[in-house]
Amino acid sequence: MMVVMRKKTIKQQLPSRKEETHERIVEVAARAIRRTGYGGTGVADIMKEAGLTHGGFYAHFDSRDALLAEAGDRAGAESVALAARVAAAAPPGQALQAMMQAYLSPEHIGAIETGCPVSALGSEMPRQAPEVRRVATIHIKEMIDLFARQLPDWGQPQAHEQAMALVCGLIGTTMVARAVDDPKLSQALCAAALKQFLPAAE
C-alpha cells in the first residue's frame, strides 16, 4: 500500500503535457522578446518556434499581453538567478565586483537573447501593458536588492541608494554598448563604466 501511494504521489508531481507545452511556449517567448523586442514578437512566430500551431495559443494564454508578462517574468527571474550564482561563486568580499564584471562582460553584451531583459527591452517597457511592467518592476527590485546585499554598508539606507545607481549604470552602459556598431568602442564603454563603478565595491 505504501509503495502504491508513493508511486501515485510521484505521478501527480510530473507535469502534464499541457504544462510542458505551456513551459515550452514561455521559454521560447522569453528568448524572443529579448531578441526582437516586445513589438517584434508575434504570437504566430512564437508558436511556430515552439513547434505548435497558432490556433493552440488561447488554450494557454488569455491574451498576447499575458504571454509577454509571463515571458518577461521568466527572463527576469533567469537574470536575477544568474547574478546570484555569480555572487555566490565569487571569493569572499568580491561578489559585487564579480557581478559588475559579468554584467559588462563581452559575453553578456553579446547575449541579448539570453541576457538581462531590462537592458534588452528597457526603452520599450514604458509602453507595455500594466502586467508586463509589473513583472519587470519586481525583477528590477530583486536585482537592486541583490546588489545592495553585496555592499559593505548593507542594511544602511545609502547601500540601497548606491545599489539603485549601480544597477541603473550597468543597464544604461549595456544598452549603449549594444547600440554602437564599433566593437572597440563597445568594449571601451564597458571598461570606462567598470573603472567608475568598481570603487563602490571596495
# chains A, B, ... in the order shown; residues from 1 in each chain; ligands from 1

call {"tool": "closest_atom_pairs", "arguments": {"of": "stretch 46-135 of chain A", "to": "stretch 185-201 of chain A", "cutoff": "7 Å", "atoms": "only C-alpha atoms", "output": "Markdown table"}}
result
| residue | atom | partner | partner_atom | distance |
| --- | --- | --- | --- | --- |
| A:Leu96 | CA | A:Ala201 | CA | 6.0 |
| A:Gln97 | CA | A:Leu198 | CA | 6.2 |
| A:Leu104 | CA | A:Cys190 | CA | 5.7 |

call {"tool": "select_by_dssp", "arguments": {"residues": "stretch 70-123 of chain A", "states": "alpha helix (DSSP H)", "output": "PyMOL selection string"}}
result
chain A and resi 70-89+95-103+106-110+117-121

call {"tool": "residues_around", "arguments": {"residues": "A:His160", "least_positions_apart": "3", "cutoff": "6 Å", "atoms": "only C-alpha atoms", "output": "ChimeraX atom specification"}}
result
/A:148,157,163

call {"tool": "residues_around", "arguments": {"residues": "A:Lys18", "least_positions_apart": "4", "cutoff": "9 Å", "atoms": "only C-alpha atoms", "output": "JSON, numbers by chain"}}
result
{"A": [22, 23, 59, 60]}

call {"tool": "write_last_selection", "arguments": {"atoms": "all heavy atoms", "output": "PDB file, in the first residue's frame"}}
result
ATOM      1  N   HIS A  22       3.034  24.550 -22.228  1.00  0.00           N
ATOM      2  CA  HIS A  22       2.987  25.927 -21.726  1.00  0.00           C
ATOM      3  C   HIS A  22       4.394  26.422 -21.402  1.00  0.00           C
ATOM      4  O   HIS A  22       4.781  27.534 -21.783  1.00  0.00           O
ATOM      5  CB  HIS A  22       2.103  25.979 -20.473  1.00  0.00           C
ATOM      6  CG  HIS A  22       1.853  27.350 -19.962  1.00  0.00           C
ATOM      7  ND1 HIS A  22       0.724  28.076 -20.270  1.00  0.00           N
ATOM      8  CD2 HIS A  22       2.597  28.163 -19.149  1.00  0.00           C
ATOM      9  CE1 HIS A  22       0.782  29.255 -19.680  1.00  0.00           C
ATOM     10  NE2 HIS A  22       1.900  29.324 -18.990  1.00  0.00           N
ATOM     11  N   GLU A  23       5.158  25.582 -20.730  1.00  0.00           N
ATOM     12  CA  GLU A  23       6.533  25.939 -20.375  1.00  0.00           C
ATOM     13  C   GLU A  23       7.380  26.179 -21.616  1.00  0.00           C
ATOM     14  O   GLU A  23       8.202  27.086 -21.653  1.00  0.00           O
ATOM     15  CB  GLU A  23       7.157  24.830 -19.518  1.00  0.00           C
ATOM     16  CG  GLU A  23       6.711  24.838 -18.071  1.00  0.00           C
ATOM     17  CD  GLU A  23       7.136  26.100 -17.358  1.00  0.00           C
ATOM     18  OE1 GLU A  23       8.339  26.381 -17.303  1.00  0.00           O
ATOM     19  OE2 GLU A  23       6.253  26.831 -16.873  1.00  0.00           O
ATOM     20  N   ALA A  59      -5.406  28.288 -25.704  1.00  0.00           N
ATOM     21  CA  ALA A  59      -5.576  27.225 -24.709  1.00  0.00           C
ATOM     22  C   ALA A  59      -4.617  27.432 -23.541  1.00  0.00           C
ATOM     23  O   ALA A  59      -4.779  26.829 -22.479  1.00  0.00           O
ATOM     24  CB  ALA A  59      -5.332  25.862 -25.356  1.00  0.00           C
ATOM     25  N   HIS A  60      -3.633  28.325 -23.741  1.00  0.00           N
ATOM     26  CA  HIS A  60      -2.608  28.559 -22.718  1.00  0.00           C
ATOM     27  C   HIS A  60      -2.608  29.978 -22.156  1.00  0.00           C
ATOM     28  O   HIS A  60      -2.208  30.189 -21.006  1.00  0.00           O
ATOM     29  CB  HIS A  60      -1.227  28.258 -23.318  1.00  0.00           C
ATOM     30  CG  HIS A  60      -1.037  26.832 -23.695  1.00  0.00           C
ATOM     31  ND1 HIS A  60      -0.629  25.875 -22.798  1.00  0.00           N
ATOM     32  CD2 HIS A  60      -1.221  26.198 -24.884  1.00  0.00           C
ATOM     33  CE1 HIS A  60      -0.548  24.702 -23.414  1.00  0.00           C
ATOM     34  NE2 HIS A  60      -0.902  24.874 -24.674  1.00  0.00           N
TER      35      HIS A  60
END

call {"tool": "residues_around", "arguments": {"residues": "A:Ile112", "least_positions_apart": "5", "cutoff": "7 Å", "atoms": "only C-alpha atoms", "output": "list in words"}}
result
Arg34, Arg35 and Ala120 of chain A

call {"tool": "write_last_selection", "arguments": {"atoms": "C-alpha atoms", "output": "PDB file, in the first residue's frame"}}
result
ATOM      1  CA  ARG A  34      14.884  39.846 -25.794  1.00  0.00           C
ATOM      2  CA  ARG A  35      15.932  39.037 -29.352  1.00  0.00           C
ATOM      3  CA  ALA A 120      17.406  44.363 -23.846  1.00  0.00           C
TER       4      ALA A 120
END

call {"tool": "atom_distance", "arguments": {"atom1": "atom CA of A:Thr137", "atom2": "atom CA of A:Phe57"}}
result
26.0 Å

call {"tool": "residues_around", "arguments": {"residues": "A:Ala30", "least_positions_apart": "6", "cutoff": "7 Å", "atoms": "only C-alpha atoms", "output": "PyMOL selection string"}}
result
chain A and resi 71-72+74-75

call {"tool": "residues_around", "arguments": {"residues": "A:Leu166", "least_positions_apart": "3", "cutoff": "9 Å", "atoms": "only C-alpha atoms", "output": "ChimeraX atom specification"}}
result
/A:100,144,147,161-163,169-171,197,200

call {"tool": "write_last_selection", "arguments": {"atoms": "C-alpha atoms", "output": "mmCIF file, in the first residue's frame"}}
result
data_model
loop_
_atom_site.group_PDB
_atom_site.id
_atom_site.type_symbol
_atom_site.label_atom_id
_atom_site.label_comp_id
_atom_site.auth_asym_id
_atom_site.auth_seq_id
_atom_site.Cartn_x
_atom_site.Cartn_y
_atom_site.Cartn_z
ATOM 1 C CA MET A 100 29.549 44.021 -12.306
ATOM 2 C CA ILE A 144 18.754 46.139 -6.749
ATOM 3 C CA PHE A 147 23.412 44.326 -5.365
ATOM 4 C CA GLU A 161 20.584 54.060 -2.918
ATOM 5 C CA GLN A 162 24.034 53.096 -4.161
ATOM 6 C CA ALA A 163 22.710 49.779 -5.463
ATOM 7 C CA GLY A 169 24.516 52.477 -14.563
ATOM 8 C CA LEU A 170 25.067 48.867 -15.601
ATOM 9 C CA ILE A 171 21.824 48.719 -17.573
ATOM 10 C CA PHE A 197 31.757 51.537 -10.645
ATOM 11 C CA ALA A 200 31.978 51.285 -4.926
#

call {"tool": "closest_residue", "arguments": {"among": "A:Ala111, A:Ile25, A:Ala50, A:Leu82", "to": "A:Ala98", "atoms": "only C-alpha atoms"}}
result
A:Leu82

call {"tool": "closest_residue", "arguments": {"among": "A:Gly155, A:Gly115, A:Pro130, A:Gly172", "to": "A:Ala77", "atoms": "only C-alpha atoms"}}
result
A:Gly115
